[in-house]
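**Student:** Pasting in a structure now, in structure tokens, and then I'll have a few things to ask.
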Amino acid sequence: MAMSGHCSPKVLMVWIYNNTGRSILAMILFHAMINQSEMMFPNLGSHYDPFLPFVTMTVMAVIVVFLWDGKTLAAGRRWK
């Protein structure tokens, strides 16, 4: 679980980078969004569950890999 918890955001970052014209700003904003969401909901005294973002990111990464080319993560959906 921990390995895919680290891999899913990386897959999404590469996909965002490749599909925004290699925009570093888009990746920075995505990474900041992840960091900020963790800081907004600390574990002590709140309803934040780290498993929920893990599941969300994993599902998003799987969707990106299956809808776009899994080798480059840059090509749009291919219609044959």
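The way I read the labels, and the way they are meant: chains A, B, ... in the order of the structure tokens, residue 1 as the first residue of every chain, and ligand 1 as the first ligand shown, with later ones counted on from there.
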Could you name the residues that touch A:Leu73 at 12 Å or less, counting only C-alpha atoms, but leaving out those on the same chain fewer than 3 positions away, as a VMD selection string?
**Tutor:** chain A and resid 10 to 20 61 to 70 76 to 77
**Student:** I need the residues from that last selection saved to file as a PDB file, in the first residue's frame (with N, CA and C atoms), if you can.
**Tutor:**
```
ATOM      1  N   LYS A  10       3.026  10.319  -8.365  1.00  0.00           N
ATOM      2  CA  LYS A  10       4.098  10.497  -9.364  1.00  0.00           C
ATOM      3  C   LYS A  10       3.566  10.290 -10.778  1.00  0.00           C
ATOM      4  N   VAL A  11       2.734   9.259 -10.958  1.00  0.00           N
ATOM      5  CA  VAL A  11       2.125   9.007 -12.268  1.00  0.00           C
ATOM      6  C   VAL A  11       1.282  10.207 -12.682  1.00  0.00           C
ATOM      7  N   LEU A  12       0.502  10.733 -11.749  1.00  0.00           N
ATOM      8  CA  LEU A  12      -0.340  11.890 -12.059  1.00  0.00           C
ATOM      9  C   LEU A  12       0.497  13.129 -12.360  1.00  0.00           C
ATOM     10  N   MET A  13       1.602  13.314 -11.640  1.00  0.00           N
ATOM     11  CA  MET A  13       2.465  14.472 -11.905  1.00  0.00           C
ATOM     12  C   MET A  13       3.099  14.394 -13.285  1.00  0.00           C
ATOM     13  N   VAL A  14       3.566  13.206 -13.656  1.00  0.00           N
ATOM     14  CA  VAL A  14       4.155  13.038 -14.994  1.00  0.00           C
ATOM     15  C   VAL A  14       3.098  13.293 -16.057  1.00  0.00           C
ATOM     16  N   TRP A  15       1.900  12.782 -15.848  1.00  0.00           N
ATOM     17  CA  TRP A  15       0.814  12.971 -16.809  1.00  0.00           C
ATOM     18  C   TRP A  15       0.455  14.456 -16.933  1.00  0.00           C
ATOM     19  N   ILE A  16       0.356  15.143 -15.807  1.00  0.00           N
ATOM     20  CA  ILE A  16       0.056  16.581 -15.830  1.00  0.00           C
ATOM     21  C   ILE A  16       1.170  17.333 -16.553  1.00  0.00           C
ATOM     22  N   TYR A  17       2.407  17.017 -16.238  1.00  0.00           N
ATOM     23  CA  TYR A  17       3.547  17.678 -16.874  1.00  0.00           C
ATOM     24  C   TYR A  17       3.523  17.483 -18.387  1.00  0.00           C
ATOM     25  N   ASN A  18       3.327  16.267 -18.839  1.00  0.00           N
ATOM     26  CA  ASN A  18       3.335  15.980 -20.272  1.00  0.00           C
ATOM     27  C   ASN A  18       2.133  16.564 -21.008  1.00  0.00           C
ATOM     28  N   ASN A  19       0.993  16.670 -20.348  1.00  0.00           N
ATOM     29  CA  ASN A  19      -0.221  17.108 -21.017  1.00  0.00           C
ATOM     30  C   ASN A  19      -0.525  18.588 -20.826  1.00  0.00           C
ATOM     31  N   THR A  20       0.364  19.312 -20.190  1.00  0.00           N
ATOM     32  CA  THR A  20       0.197  20.766 -20.070  1.00  0.00           C
ATOM     33  C   THR A  20       1.328  21.488 -20.772  1.00  0.00           C
ATOM     34  N   ALA A  61      -4.892   7.523 -10.943  1.00  0.00           N
ATOM     35  CA  ALA A  61      -3.723   7.052 -11.688  1.00  0.00           C
ATOM     36  C   ALA A  61      -4.094   5.882 -12.600  1.00  0.00           C
ATOM     37  N   VAL A  62      -4.920   4.986 -12.126  1.00  0.00           N
ATOM     38  CA  VAL A  62      -5.354   3.852 -12.948  1.00  0.00           C
ATOM     39  C   VAL A  62      -6.172   4.348 -14.141  1.00  0.00           C
ATOM     40  N   ILE A  63      -7.047   5.314 -13.926  1.00  0.00           N
ATOM     41  CA  ILE A  63      -7.836   5.884 -15.017  1.00  0.00           C
ATOM     42  C   ILE A  63      -6.920   6.519 -16.058  1.00  0.00           C
ATOM     43  N   VAL A  64      -5.930   7.277 -15.611  1.00  0.00           N
ATOM     44  CA  VAL A  64      -4.989   7.926 -16.541  1.00  0.00           C
ATOM     45  C   VAL A  64      -4.229   6.878 -17.343  1.00  0.00           C
ATOM     46  N   VAL A  65      -3.759   5.825 -16.683  1.00  0.00           N
ATOM     47  CA  VAL A  65      -2.972   4.799 -17.379  1.00  0.00           C
ATOM     48  C   VAL A  65      -3.820   4.060 -18.403  1.00  0.00           C
ATOM     49  N   PHE A  66      -5.076   3.787 -18.088  1.00  0.00           N
ATOM     50  CA  PHE A  66      -5.902   3.018 -19.006  1.00  0.00           C
ATOM     51  C   PHE A  66      -6.537   3.864 -20.106  1.00  0.00           C
ATOM     52  N   LEU A  67      -6.827   5.131 -19.850  1.00  0.00           N
ATOM     53  CA  LEU A  67      -7.437   5.966 -20.882  1.00  0.00           C
ATOM     54  C   LEU A  67      -6.410   6.594 -21.820  1.00  0.00           C
ATOM     55  N   TRP A  68      -5.219   6.829 -21.308  1.00  0.00           N
ATOM     56  CA  TRP A  68      -4.148   7.382 -22.133  1.00  0.00           C
ATOM     57  C   TRP A  68      -3.083   6.313 -22.279  1.00  0.00           C
ATOM     58  N   ASP A  69      -2.178   6.517 -23.175  1.00  0.00           N
ATOM     59  CA  ASP A  69      -1.133   5.532 -23.411  1.00  0.00           C
ATOM     60  C   ASP A  69      -0.288   5.357 -22.150  1.00  0.00           C
ATOM     61  N   GLY A  70      -0.212   4.148 -21.649  1.00  0.00           N
ATOM     62  CA  GLY A  70       0.510   3.886 -20.417  1.00  0.00           C
ATOM     63  C   GLY A  70       2.015   4.025 -20.544  1.00  0.00           C
ATOM     64  N   GLY A  76      -3.246  11.279 -26.274  1.00  0.00           N
ATOM     65  CA  GLY A  76      -4.676  11.277 -25.989  1.00  0.00           C
ATOM     66  C   GLY A  76      -5.272   9.922 -26.269  1.00  0.00           C
ATOM     67  N   ARG A  77      -6.510   9.774 -25.945  1.00  0.00           N
ATOM     68  CA  ARG A  77      -7.190   8.499 -26.165  1.00  0.00           C
ATOM     69  C   ARG A  77      -7.230   8.175 -27.650  1.00  0.00           C
TER      70      ARG A  77
END
```
**Student:** Please determine, counting only C-alpha atoms, which residue among A:Met33, A:Met39, A:Ile24, A:Ser8 has the shortest atom-to-atom distance to A:Thr56.
**Tutor:** A:Ser8
